[in-house]
Amino acid sequence: MKTSNVISYFKIPKLSYRVWRVWRRDQDVFMKTYKVNFIPPLVEPVFYLVGLGFGLGGFVQPQEGLSYIVFIAPALAATSMMFSSFFECTYGSFVRMYYQKTFDAIIATPLSLEEVIAGELLWGATKSLINSTIVLGIISLFGLVSSPLFLLIPPLSFLVGLLFSAIAMCFTAIAPNIDSFNYPSFLFITPMFILSGTFFSITNLPQAVQTVSNVLSPLTHAVALTRALTVGRFSFTLLLNLSWFLVTTPFFFVLSINLMKKRLIK
Amino acid sequence: MTSEILIEAENLTKKFGNLVAVDNINFSVFKGECFGFLGPNGAGKTTTMKMVHCVLPLTVGRLTVASMDVTTHAREIKKMIGVAPQEDNLDPDFTVFHNLIVFARYFDIPKAEAQKRTNELLKFVQLEEKRKVIIDQLSAGMKRRLILARALINEPQILILDEPTTGLDPQARHLIWDKIRSLQKQGVTIVLTTHYMEEAAQLCDRTVIMDNGKIIEEGKPNELIKKHVGEEVLEVAHDEAVLKFLRSAFPDARLEVLSDRIQVFTNQPRGLFANILNKFSFKAAMIRDANLEDVFLKLTGRRLRE
């Protein structure tokens, strides 16, 4: 591939306040059915905490010095960041783009396609914030939050959600049909869900898997940060975890917008 | 009608890879007129519309709207255009009323003003009682009317209607035509595409006929009819003897021989066919007015497209 071709995937999009119009549209839809939308983040963590935390936790030795239920609780908030934003910008965005033609309708107004996609990404990040904050509420009701720094988790969840949204949007831009989301869902999301220090410390894994998890899995970094802010345990590596997001998020944000432009504007 | 040019295309070309969808076309649309793009499916009408309202970049040529270049002033141009696309892209997540409110937000129309306009527009397209209904429950005709209302939310100077009545029943079609005429009276410039010749004849001041990406003819509907197919058409049942007779009786005429009928076109004035029918009798003979469909079929042929 020629250099100029590569550069065309990283053209900085021109955005205006209008991205919030798209965000507002998605928020309007969400609020119309908010009762249904709140079921997953309210119900899921309860079952994980009761089933895995109390049930399985009785057999499991402490992980990284934390009792099992304390160890998994923050991971539930982190995984909800991943699931909510990733599925919003794969299945959700694909339906709006392909079946509902919503993007076509919007770009006939003063908004540009770049702004439409950016609005979708910001909404995906917002879904991450909403869902993970609800999960955080549930785990605090279980008494599993021990540091006031947990207040930093909502802003973190927006950043994490923005990255997962952007990665999701890259898949949406290249997906030939809605069934092809099975590839990223089962080859990217599922392994991350299991192998990112969520339900057991990654130090239990073979070294090679640990390395892959540390280098390639955004969830590993999200879990580490969320856990640290929930229990108030700090180390230098947290800066690395945060830097990981600060580097990859703008990269995928810009890439996803350009990929979508190539898909939709011939 | 003033002769101020509102939309102007020079050597406009659009390629998708190797496919030339729009092939070096030139046209001007004047302020206040209703301008029609006619053509079979795949002629390049919709592609041309999409370049005019700035959602599709052009490959070659120059295209201006209100003297602004579409490649540099997309935002300004889109503000002054209302678009009713061919396909239904109403927002199924919202009610009729909320569809218009959300759309108004994209144009930065303040909330109170948006509600006022929405109420007026729903009245205009006769959908007031459906304001709380979800889009799925609307009929095809209601959806088209709502799409028309949505295209008017920004009080556009130019209204683009891409096949506004395709698939509608006669009642719904006439209602849409009525609305289009009343908008034109209010001074809105209308650009429409259609493959219904009756629609073009009813509504358009001027038309171009497109085929294979090219403009093959342009003019006022009546003048095109007169120029290409004359005033009247004689149709009789297909019969070899009759065909032979017609050929000798009308040496200058163009005969279109179909499986069950013969059509005779002539540029002679009215009355010629009536004379013949007075003297001879043919099976299933009838004289009718020549129409734009005759022009269209003459120019674009009877071969099926796509």
# chains A, B, ... in the order shown; residues from 1 in each chain; ligands from 1
call {"tool": "closest_atom_pairs", "arguments": {"of": "chain A", "to": "chain B", "cutoff": "7 Å", "atoms": "only C-alpha atoms", "output": "JSON lines"}}
result
{"residue": "A:Arg21", "atom": "CA", "partner": "B:Tyr106", "partner_atom": "CA", "distance": 6.2}
{"residue": "A:Arg25", "atom": "CA", "partner": "B:Val102", "partner_atom": "CA", "distance": 6.7}
{"residue": "A:Val29", "atom": "CA", "partner": "B:Asp93", "partner_atom": "CA", "distance": 6.3}
{"residue": "A:Gln100", "atom": "CA", "partner": "B:Asn89", "partner_atom": "CA", "distance": 6.1}
{"residue": "A:Lys101", "atom": "CA", "partner": "B:Asn89", "partner_atom": "CA", "distance": 5.2}
{"residue": "A:Thr102", "atom": "CA", "partner": "B:Asn89", "partner_atom": "CA", "distance": 6.1}
{"residue": "A:Ala105", "atom": "CA", "partner": "B:Asn89", "partner_atom": "CA", "distance": 6.0}
{"residue": "A:Ile107", "atom": "CA", "partner": "B:Val55", "partner_atom": "CA", "distance": 6.7}
{"residue": "A:Ala108", "atom": "CA", "partner": "B:Val55", "partner_atom": "CA", "distance": 6.6}
{"residue": "A:Thr109", "atom": "CA", "partner": "B:Lys78", "partner_atom": "CA", "distance": 5.7}
{"residue": "A:Pro110", "atom": "CA", "partner": "B:Arg75", "partner_atom": "CA", "distance": 5.0}
{"residue": "A:Leu111", "atom": "CA", "partner": "B:Tyr106", "partner_atom": "CA", "distance": 6.8}
{"residue": "A:Ile265", "atom": "CA", "partner": "B:Leu56", "partner_atom": "CA", "distance": 6.4}
{"residue": "A:Lys266", "atom": "CA", "partner": "B:Phe16", "partner_atom": "CA", "distance": 6.9}
call {"tool": "residues_around", "arguments": {"residues": "stretch 86-92 of chain A", "least_positions_apart": "6", "cutoff": "8 Å", "atoms": "only C-alpha atoms", "output": "MDAnalysis selection string"}}
result
chainID A and resid 120:121 124 127 161 164:169 171:172 178 181
call {"tool": "write_last_selection", "arguments": {"atoms": "C-alpha atoms", "output": "compact mmCIF listing (two decimals), in the first residue's frame"}}
result
# COMPACT_ATOMS: atom_id res chain seq x y z
CA GLU A 120 -22.26 7.80 17.42
CA LEU A 121 -18.87 7.25 19.10
CA GLY A 124 -21.24 4.70 22.67
CA LYS A 127 -23.57 4.19 27.17
CA GLY A 161 -16.11 3.46 26.22
CA PHE A 164 -14.32 0.37 22.51
CA SER A 165 -16.81 2.39 20.45
CA ALA A 166 -14.10 3.38 18.00
CA ILE A 167 -12.81 -0.19 17.67
CA ALA A 168 -16.41 -1.35 17.20
CA MET A 169 -17.00 1.30 14.53
CA PHE A 171 -15.61 -3.40 12.46
CA THR A 172 -18.94 -1.80 11.48
CA ILE A 178 -24.80 -7.99 10.54
CA PHE A 181 -20.14 -9.28 13.99
call {"tool": "residues_around", "arguments": {"residues": "stretch 209-225 of chain B", "least_positions_apart": "6", "cutoff": "9 Å", "atoms": "only C-alpha atoms", "output": "CSV table (one decimal) with N, CA and C atoms, in the first residue's frame"}}
result
chain,number,residue,atom,x,y,z
B,13,THR,N,-19.8,14.9,-14.2
B,13,THR,CA,-19.5,13.4,-14.4
B,13,THR,C,-19.3,12.8,-13.0
B,14,LYS,N,-19.9,11.6,-12.9
B,14,LYS,CA,-19.7,10.8,-11.7
B,14,LYS,C,-19.4,9.3,-12.1
B,20,VAL,N,-19.6,4.5,-15.3
B,20,VAL,CA,-19.9,6.0,-15.5
B,20,VAL,C,-21.4,6.2,-15.2
B,21,ALA,N,-21.7,6.7,-14.0
B,21,ALA,CA,-23.2,6.8,-13.7
B,21,ALA,C,-23.8,8.1,-14.3
B,22,VAL,N,-23.0,9.1,-14.2
B,22,VAL,CA,-23.4,10.4,-14.8
B,22,VAL,C,-22.3,10.8,-15.8
B,23,ASP,N,-22.7,11.0,-17.1
B,23,ASP,CA,-21.7,11.1,-18.1
B,23,ASP,C,-21.7,12.5,-18.8
B,24,ASN,N,-20.9,13.5,-18.2
B,24,ASN,CA,-20.7,14.7,-18.8
B,24,ASN,C,-22.0,15.5,-19.2
B,25,ILE,N,-22.8,15.8,-18.1
B,25,ILE,CA,-24.1,16.4,-18.4
B,25,ILE,C,-24.0,17.9,-18.1
B,26,ASN,N,-24.8,18.7,-18.8
B,26,ASN,CA,-25.0,20.1,-18.5
B,26,ASN,C,-26.4,20.5,-18.3
B,27,PHE,N,-26.8,21.2,-17.3
B,27,PHE,CA,-28.1,21.7,-17.2
B,27,PHE,C,-28.2,22.9,-16.3
B,36,GLY,N,-37.8,18.7,-14.1
B,36,GLY,CA,-37.8,17.3,-13.9
B,36,GLY,C,-36.7,16.5,-14.6
B,37,PHE,N,-36.2,15.5,-13.9
B,37,PHE,CA,-35.3,14.6,-14.5
B,37,PHE,C,-36.0,13.3,-14.8
B,38,LEU,N,-36.2,13.0,-16.1
B,38,LEU,CA,-36.9,11.7,-16.4
B,38,LEU,C,-35.9,10.7,-16.9
B,39,GLY,N,-36.2,9.5,-16.8
B,39,GLY,CA,-35.3,8.5,-17.3
B,39,GLY,C,-35.6,7.1,-16.7
B,40,PRO,N,-35.2,6.1,-17.4
B,40,PRO,CA,-35.5,4.7,-16.8
B,40,PRO,C,-34.6,4.5,-15.6
B,41,ASN,N,-34.9,3.4,-14.9
B,41,ASN,CA,-34.0,3.0,-13.7
B,41,ASN,C,-32.6,2.9,-14.2
B,42,GLY,N,-31.7,3.5,-13.3
B,42,GLY,CA,-30.3,3.4,-13.6
B,42,GLY,C,-29.8,4.4,-14.6
B,43,ALA,N,-30.6,5.4,-14.9
B,43,ALA,CA,-30.2,6.4,-15.9
B,43,ALA,C,-29.2,7.4,-15.3
B,44,GLY,N,-29.2,7.5,-14.0
B,44,GLY,CA,-28.3,8.5,-13.3
B,44,GLY,C,-29.0,9.6,-12.6
B,45,LYS,N,-30.3,9.5,-12.6
B,45,LYS,CA,-31.1,10.6,-12.0
B,45,LYS,C,-30.8,10.8,-10.5
B,200,ALA,N,-44.5,14.0,-14.7
B,200,ALA,CA,-43.6,15.1,-15.3
B,200,ALA,C,-44.5,16.1,-16.1
B,201,ALA,N,-45.4,15.5,-16.9
B,201,ALA,CA,-46.3,16.4,-17.7
B,201,ALA,C,-47.2,17.3,-16.8
B,202,GLN,N,-47.6,16.7,-15.7
B,202,GLN,CA,-48.5,17.5,-14.8
B,202,GLN,C,-47.7,18.6,-14.0
B,231,GLU,N,-49.1,15.4,-32.3
B,231,GLU,CA,-50.2,15.7,-31.4
B,231,GLU,C,-51.1,14.5,-31.1
B,290,ALA,N,-51.0,12.3,-28.1
B,290,ALA,CA,-49.7,11.9,-27.8
B,290,ALA,C,-49.2,12.4,-26.4
B,291,ASN,N,-48.4,11.6,-25.8
B,291,ASN,CA,-48.0,12.0,-24.4
B,291,ASN,C,-46.5,11.8,-24.2
B,292,LEU,N,-46.1,12.2,-23.1
B,292,LEU,CA,-44.7,12.2,-22.8
B,292,LEU,C,-44.1,10.8,-22.7
B,293,GLU,N,-45.0,9.8,-22.4
B,293,GLU,CA,-44.5,8.4,-22.4
B,293,GLU,C,-44.1,8.0,-23.8
B,294,ASP,N,-44.9,8.4,-24.8
B,294,ASP,CA,-44.5,8.1,-26.2
B,294,ASP,C,-43.1,8.7,-26.5
B,295,VAL,N,-42.9,9.9,-26.0
B,295,VAL,CA,-41.5,10.5,-26.3
B,295,VAL,C,-40.5,9.7,-25.6
B,296,PHE,N,-40.8,9.4,-24.4
B,296,PHE,CA,-39.8,8.6,-23.5
B,296,PHE,C,-39.4,7.3,-24.2
B,299,LEU,N,-37.4,7.7,-27.3
B,299,LEU,CA,-36.0,8.1,-27.1
B,299,LEU,C,-35.2,7.1,-26.4
B,300,THR,N,-35.8,6.4,-25.4
B,300,THR,CA,-35.0,5.5,-24.6
B,300,THR,C,-35.2,4.0,-25.0
call {"tool": "select_by_dssp", "arguments": {"residues": "stretch 60-225 of chain B", "states": "strand (DSSP E or B)", "output": "PyMOL selection string"}}
result
chain B and resi 60-65+68-69+81-84+95+134+158-162+189-194+206-211+214-219
call {"tool": "atom_distance", "arguments": {"atom1": "atom CA of A:Gly137", "atom2": "atom CA of A:Gly57"}}
result
21.0 Å
call {"tool": "closest_residue", "arguments": {"among": "A:Thr33, A:Thr190, A:Ser8, A:Thr226", "to": "A:Phe83", "atoms": "only C-alpha atoms"}}
result
A:Thr190
call {"tool": "residues_around", "arguments": {"residues": "B:Ile134", "least_positions_apart": "2", "cutoff": "9 Å", "atoms": "only C-alpha atoms", "output": "PyMOL selection string"}}
result
chain B and resi 92-96+130-132+136-138
call {"tool": "residues_around", "arguments": {"residues": "stretch 45-52 of chain A", "least_positions_apart": "6", "cutoff": "8 Å", "atoms": "only C-alpha atoms", "output": "number ranges by chain"}}
result
A: 69, 72-73, 76, 135, 138-139
call {"tool": "residues_around", "arguments": {"residues": "B:Arg62", "least_positions_apart": "4", "cutoff": "10 Å", "atoms": "only C-alpha atoms", "output": "list in words"}}
result
Glu8, Ala9, Glu10, Asn11, Leu12, Thr13, Asn26, Leu58, Asp69, Val70 and Thr71 of chain B
call {"tool": "select_by_dssp", "arguments": {"residues": "stretch 94-240 of chain A", "states": "alpha helix (DSSP H)", "output": "number ranges by chain"}}
result
A: 94, 102-107, 113-141, 153-174, 182-184, 190-195, 207-216, 218-231, 237-240
call {"tool": "atom_distance", "arguments": {"atom1": "atom CA of B:Arg145", "atom2": "atom CA of B:Gln86"}}
result
12.3 Å
call {"tool": "closest_residue", "arguments": {"among": "A:Pro62, A:Met31, A:Ala77, A:Val145", "to": "A:Val223", "atoms": "only C-alpha atoms"}}
result
A:Ala77
call {"tool": "residues_around", "arguments": {"residues": "stretch 234-245 of chain B", "least_positions_apart": "2", "cutoff": "10 Å", "atoms": "only C-alpha atoms", "output": "ChimeraX atom specification"}}
result
/B:232,247-250,255-266,272-274,277,281-290
call {"tool": "write_last_selection", "arguments": {"atoms": "C-alpha atoms", "output": "short mmCIF file (atom, residue, chain, number, x, y, z; two decimals), in the first residue's frame"}}
result
data_model
loop_
_atom_site.label_atom_id
_atom_site.label_comp_id
_atom_site.auth_asym_id
_atom_site.auth_seq_id
_atom_site.Cartn_x
_atom_site.Cartn_y
_atom_site.Cartn_z
CA GLU B 232 -52.17 12.50 -31.88
CA ARG B 247 -47.61 2.28 -44.42
CA SER B 248 -48.96 3.38 -47.78
CA ALA B 249 -51.60 5.73 -46.31
CA PHE B 250 -49.09 7.54 -44.06
CA LEU B 255 -45.09 3.10 -37.13
CA GLU B 256 -44.42 1.32 -33.88
CA VAL B 257 -45.31 -2.35 -34.20
CA LEU B 258 -45.98 -4.08 -30.90
CA SER B 259 -47.08 -7.65 -30.28
CA ASP B 260 -50.79 -6.87 -30.33
CA ARG B 261 -51.02 -3.29 -31.54
CA ILE B 262 -49.75 -0.88 -34.13
CA GLN B 263 -49.09 2.73 -33.14
CA VAL B 264 -48.93 5.44 -35.78
CA PHE B 265 -47.11 8.69 -35.02
CA THR B 266 -47.14 11.66 -37.32
CA LEU B 272 -55.69 13.30 -40.06
CA PHE B 273 -56.51 10.04 -38.29
CA ALA B 274 -60.16 10.93 -37.84
CA LEU B 277 -61.33 6.26 -39.52
CA SER B 281 -62.83 0.65 -40.13
CA PHE B 282 -60.05 -1.09 -38.22
CA LYS B 283 -60.28 -3.52 -35.38
CA ALA B 284 -59.83 -1.88 -31.95
CA ALA B 285 -58.94 1.48 -33.45
CA MET B 286 -58.54 4.53 -31.25
CA ILE B 287 -57.10 7.99 -31.50
CA ARG B 288 -55.52 9.43 -28.42
CA ASP B 289 -53.37 12.44 -27.51
CA ALA B 290 -49.67 11.87 -27.83
#
